[in-house]
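Asks: One structure, pasted below without further comment.
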Amino acid sequence: MKDYRKKQYYDERWKALRWEVLKRDNFTCSQCGKKKPQEYLHAHHIFYYEGERNVWDYDPIFLVTLCSTCHNDWHRKKENHYLKPIGIRNMAAIR
Ligand SMILES: [Zn+2]
Ligand SMILES: [Zn+2]
């Protein structure tokens with residue numbers, strides 16, 4: 001993870017966005033479908049914009065709830081993660 005992002009995950013603006021995403025997803029991991037206590041849940045960015053952008057400056061539709069297990073799995077497959085902004089349109093169409 002980029003260094004500037006690491007710090008941002010302690011910011012209140014990120015915590016507010018994360019909470020919104022967890023609530024929307026009913027505290028359920030969208031990968032394994034398990035409902036877990038919120039301390040085991042993460043709001044995962046489906047993609048990051050290229051260049052620097054605050055982690056909270058994303059529309060909630062670009063975030064999904066993942067449990068810590070599924071989140072770790074996902075990030076081991078890095079190639080899925082860094083999609084170019086052009087992918088947004090496809091992603092929006094899927095939803
Ligand atoms: Zn999971
Ligand atoms: Zn993630």
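Every chain in the structure tokens has a letter given in the order shown (A, B, ...), and although residue numbers restart at 1 in each chain, ligands are simply numbered from 1 in the order shown.
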Where does DSSP see strand (DSSP E) in chain A, if you list the residues as a list in words?
Replies: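 DSSP on the backbone gives strand (DSSP E) at Leu41, His42, Ala43, His44, His45, Leu63, Val64, Thr65, Leu66 and Cys67 of chain A.
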Asks: Could you give me, as a tab-separated table, a per-residue list for chain A showing, wherever an atom lies at most 8 Å from an atom of ligand 2, the closest pair of atoms and their distance in Å to one decimal, using only C-alpha atoms and all ligand atoms and sorting by chain then residue number from low to high?
Replies:
residue	atom	partner	partner_atom_place_in_ligand_line	distance
A:His42	CA	ligand 2	1 (Zn)	7.5
A:Ala43	CA	ligand 2	1 (Zn)	6.9
A:His44	CA	ligand 2	1 (Zn)	3.8
A:His45	CA	ligand 2	1 (Zn)	5.2
A:Ile46	CA	ligand 2	1 (Zn)	7.2
A:His71	CA	ligand 2	1 (Zn)	6.0
A:Asn72	CA	ligand 2	1 (Zn)	7.9
A:Trp74	CA	ligand 2	1 (Zn)	7.2
A:His75	CA	ligand 2	1 (Zn)	6.4
A:His81	CA	ligand 2	1 (Zn)	7.8
Asks: Now that the selection is made, can you save its residues with C-alpha atoms as a PDB file, in the first residue's frame?
Replies:
ATOM      1  CA  HIS A  42     -13.085  -3.770   5.978  1.00  0.00           C
ATOM      2  CA  ALA A  43     -14.343  -1.416   3.329  1.00  0.00           C
ATOM      3  CA  HIS A  44     -12.333  -2.384   0.278  1.00  0.00           C
ATOM      4  CA  HIS A  45     -11.685  -0.084  -2.692  1.00  0.00           C
ATOM      5  CA  ILE A  46     -12.704  -1.888  -5.864  1.00  0.00           C
ATOM      6  CA  HIS A  71      -9.668  -8.945   2.136  1.00  0.00           C
ATOM      7  CA  ASN A  72      -6.243 -10.509   2.615  1.00  0.00           C
ATOM      8  CA  TRP A  74      -7.991 -10.276  -2.488  1.00  0.00           C
ATOM      9  CA  HIS A  75      -4.852  -8.251  -1.941  1.00  0.00           C
ATOM     10  CA  HIS A  81      -6.793  -4.286  -7.698  1.00  0.00           C
TER      11      HIS A  81
END
Asks: Step by step, measure atom-to-atom distances between ligand 1 and each residue using only C-alpha atoms and all ligand atoms, keep those at most 9 Å, then write them as a list in words.
Replies: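 Counting only what the definition allows, namely only C-alpha atoms and all ligand atoms, the set is Thr28, Cys29, Ser30, Gln31, Cys32, Gly33, Lys34, Lys35, Lys36, Leu41, Thr65, Leu66, Cys67, Ser68, Thr69, Cys70 and His71 of chain A.
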Asks: At what distance in Å, to one decimal, does atom CA of A:Leu17 lie from atom CA of A:Val55?
Replies: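 Between these atoms lies a distance of 9.3 Å.
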Asks: Quick check for you: according to DSSP on this backbone, which residues of chain A are classed as helix (DSSP H, G or I)? Reply as a PyMOL selection string.
Replies: chain A and resi 3-8+12-24+38-40+60-62+68-76+78-80+87-94
Asks: Tell me, in Å to one decimal, how far atom CA of A:Tyr49 is from atom CA of A:Pro37.
Replies: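 One can read the atom CA of A:Tyr49 to atom CA of A:Pro37 distance as 29.2 Å.
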Asks: What is the distance, in Å and to one decimal place, between atom CA of A:Arg53 and atom CA of A:Tyr4?
Replies: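 These two atoms are separated by 9.5 Å.
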Asks: Could you give me, as a ChimeraX atom specification, the residues within 12 Å of A:Asp57, counting only C-alpha atoms and dropping anything in the same chain fewer than 5 positions from it?
Replies: /A:5,8,13-14,16-18,45,48-49,52,62-63
Asks: Of the residues A:Phe47, A:Trp56, A:Tyr40, A:Tyr9, which is the one nearest to A:Leu22, using only C-alpha atoms?
Replies: A:Tyr40
